[in-house]
>>> print(open('final_9.pdb').read())   # PDB, C-alpha atoms
ATOM      1  CA  MET A   2     -27.610   3.477 -27.638  1.00  0.00           C
ATOM      2  CA  VAL A   3     -26.429   2.322 -24.212  1.00  0.00           C
ATOM      3  CA  TYR A   4     -28.756   2.438 -21.252  1.00  0.00           C
ATOM      4  CA  ALA A   5     -27.544   2.363 -17.652  1.00  0.00           C
ATOM      5  CA  THR A   6     -28.957  -0.630 -15.883  1.00  0.00           C
ATOM      6  CA  ALA A   7     -29.077  -1.307 -12.182  1.00  0.00           C
ATOM      7  CA  VAL A   8     -26.189  -3.728 -12.572  1.00  0.00           C
ATOM      8  CA  ASN A   9     -24.016  -1.248 -14.482  1.00  0.00           C
ATOM      9  CA  SER A  10     -24.803   1.628 -12.120  1.00  0.00           C
ATOM     10  CA  LYS A  11     -24.047  -0.487  -9.075  1.00  0.00           C
ATOM     11  CA  ALA A  12     -20.720  -1.586 -10.541  1.00  0.00           C
ATOM     12  CA  PHE A  13     -19.739   1.956 -11.478  1.00  0.00           C
ATOM     13  CA  PHE A  14     -20.858   3.720  -8.314  1.00  0.00           C
ATOM     14  CA  GLY A  15     -20.496   0.913  -5.762  1.00  0.00           C
ATOM     15  CA  PRO A  16     -17.600   0.274  -3.381  1.00  0.00           C
ATOM     16  CA  GLU A  17     -16.045  -2.247  -5.735  1.00  0.00           C
ATOM     17  CA  SER A  18     -15.958   0.230  -8.625  1.00  0.00           C
ATOM     18  CA  LYS A  19     -12.764   1.383 -10.217  1.00  0.00           C
ATOM     19  CA  GLY A  20     -14.257   4.549 -11.633  1.00  0.00           C
ATOM     20  CA  ILE A  21     -13.411   8.121 -10.775  1.00  0.00           C
ATOM     21  CA  PHE A  22     -15.880   8.087  -7.890  1.00  0.00           C
ATOM     22  CA  ASN A  23     -13.636   5.650  -6.051  1.00  0.00           C
ATOM     23  CA  LEU A  24     -10.621   7.967  -6.314  1.00  0.00           C
ATOM     24  CA  PRO A  25     -10.841   9.343  -2.723  1.00  0.00           C
ATOM     25  CA  THR A  26     -10.911   5.822  -1.316  1.00  0.00           C
ATOM     26  CA  ARG A  27      -7.917   4.738  -3.375  1.00  0.00           C
ATOM     27  CA  ALA A  28      -6.018   7.920  -2.449  1.00  0.00           C
ATOM     28  CA  TRP A  29      -6.735   7.410   1.254  1.00  0.00           C
ATOM     29  CA  THR A  30      -5.621   3.778   1.027  1.00  0.00           C
ATOM     30  CA  ALA A  31      -2.355   4.824  -0.636  1.00  0.00           C
ATOM     31  CA  ILE A  32      -1.680   7.453   2.046  1.00  0.00           C
ATOM     32  CA  VAL A  33      -2.344   5.011   4.893  1.00  0.00           C
ATOM     33  CA  SER A  34      -0.185   2.362   3.218  1.00  0.00           C
ATOM     34  CA  TYR A  35       2.680   4.854   2.821  1.00  0.00           C
ATOM     35  CA  PHE A  36       2.679   5.746   6.515  1.00  0.00           C
ATOM     36  CA  GLU A  37       2.449   2.094   7.574  1.00  0.00           C
ATOM     37  CA  MET A  38       5.462   1.200   5.440  1.00  0.00           C
ATOM     38  CA  LYS A  39       7.429   4.206   6.752  1.00  0.00           C
ATOM     39  CA  ALA A  40       6.665   3.048  10.308  1.00  0.00           C
ATOM     40  CA  ALA A  41       7.836  -0.486   9.477  1.00  0.00           C
ATOM     41  CA  GLN A  42      11.051   0.902   8.011  1.00  0.00           C
ATOM     42  CA  ARG A  43      11.706   3.022  11.111  1.00  0.00           C
ATOM     43  CA  GLN A  44      11.073   0.052  13.393  1.00  0.00           C
ATOM     44  CA  LEU A  45      13.469  -2.175  11.477  1.00  0.00           C
ATOM     45  CA  GLU A  46      16.122   0.551  11.450  1.00  0.00           C
ATOM     46  CA  THR A  47      16.020   0.697  15.259  1.00  0.00           C
ATOM     47  CA  LEU A  48      16.916  -3.008  15.592  1.00  0.00           C
ATOM     48  CA  ASP A  49      20.544  -3.966  16.038  1.00  0.00           C
ATOM     49  CA  ASP A  50      22.401  -6.038  13.448  1.00  0.00           C
ATOM     50  CA  ARG A  51      22.103  -9.256  15.422  1.00  0.00           C
ATOM     51  CA  LEU A  52      18.314  -9.080  15.617  1.00  0.00           C
ATOM     52  CA  LEU A  53      18.140  -8.227  11.922  1.00  0.00           C
ATOM     53  CA  ALA A  54      20.313 -11.252  11.150  1.00  0.00           C
ATOM     54  CA  ASP A  55      17.950 -13.430  13.212  1.00  0.00           C
ATOM     55  CA  ILE A  56      15.032 -12.486  10.963  1.00  0.00           C
ATOM     56  CA  GLY A  57      17.146 -12.735   7.815  1.00  0.00           C
ATOM     57  CA  ILE A  58      17.514  -9.071   6.878  1.00  0.00           C
ATOM     58  CA  GLU A  59      20.693  -7.083   6.427  1.00  0.00           C
ATOM     59  CA  ARG A  60      20.689  -3.417   7.340  1.00  0.00           C
ATOM     60  CA  ALA A  61      21.377  -2.416   3.735  1.00  0.00           C
ATOM     61  CA  ASP A  62      18.294  -4.341   2.567  1.00  0.00           C
ATOM     62  CA  ILE A  63      15.740  -2.774   4.902  1.00  0.00           C
ATOM     63  CA  GLN A  64      14.397  -0.273   2.381  1.00  0.00           C
ATOM     64  CA  THR A  65      14.146  -2.896  -0.365  1.00  0.00           C
ATOM     65  CA  LYS A  66      12.404  -5.394   1.912  1.00  0.00           C
ATOM     66  CA  VAL A  67       9.875  -2.860   3.184  1.00  0.00           C
ATOM     67  CA  TRP A  68       9.105  -1.054  -0.062  1.00  0.00           C
ATOM     68  CA  GLY A  69       9.454  -4.033  -2.378  1.00  0.00           C
ATOM     69  CA  GLY A  70      11.954  -2.393  -4.721  1.00  0.00           C
ATOM     70  CA  TYR A  71      10.223   0.997  -4.892  1.00  0.00           C
ATOM     71  CA  ASN A  72      12.484   3.949  -4.199  1.00  0.00           C
ATOM     72  CA  VAL A  73      11.231   6.473  -1.696  1.00  0.00           C
TER      73      VAL A  73
END
>>> encode(input="final_9.pdb", output="structure tokens")
Amino acid sequence: MVYATAVNSKAFFGPESKGIFNLPTRAWTAIVSYFEMKAAQRQLETLDDRLLADIGIERADIQTKVWGGYNV
């Protein structure tokens, strides 16, 4: 028989937990991250080709550089 101890309960219900009770936090983090990466993509797309070349990015690579290979 398994008894819940203070250590186990704290790990399962605490902020560092990876249980289902942390799902809203992880969902919120994913949503915020999505909008931050979309904003970064929009900002890079507004730069001209010369400025992009100065920072080492080609226009065709903007999506890959921002999203890290994930397709959006």
>>> axis_aligned_box(input="final_9.pdb", around="segment 55-72 of chain A", padding_each_side="5 Å", output="AutoDock Vina command-line options")
--center_x 15.2 --center_y -4.7 --center_z 4.2 --size_x 22.3 --size_y 27.4 --size_z 28.1
>>> atom_distance(input="final_9.pdb", atom1="atom CA of Met38 of chain A", atom2="atom CA of Val67 of chain A")
6.4 Å
>>> atom_distance(input="final_9.pdb", atom1="atom CA of Asp50 of chain A", atom2="atom CA of Trp68 of chain A")
19.6 Å
>>> residues_around(input="final_9.pdb", residues="Lys39 of chain A", least_positions_apart="6", cutoff="12 Å", atoms="all atoms listed in the file", output="list in words")
Ile32, Val33, Leu45, Glu46, Ile63, Gln64, Lys66, Val67, Trp68 and Val73 of chain A
>>> atom_distance(input="final_9.pdb", atom1="atom CA of Gln42 of chain A", atom2="atom CA of Thr65 of chain A")
9.7 Å
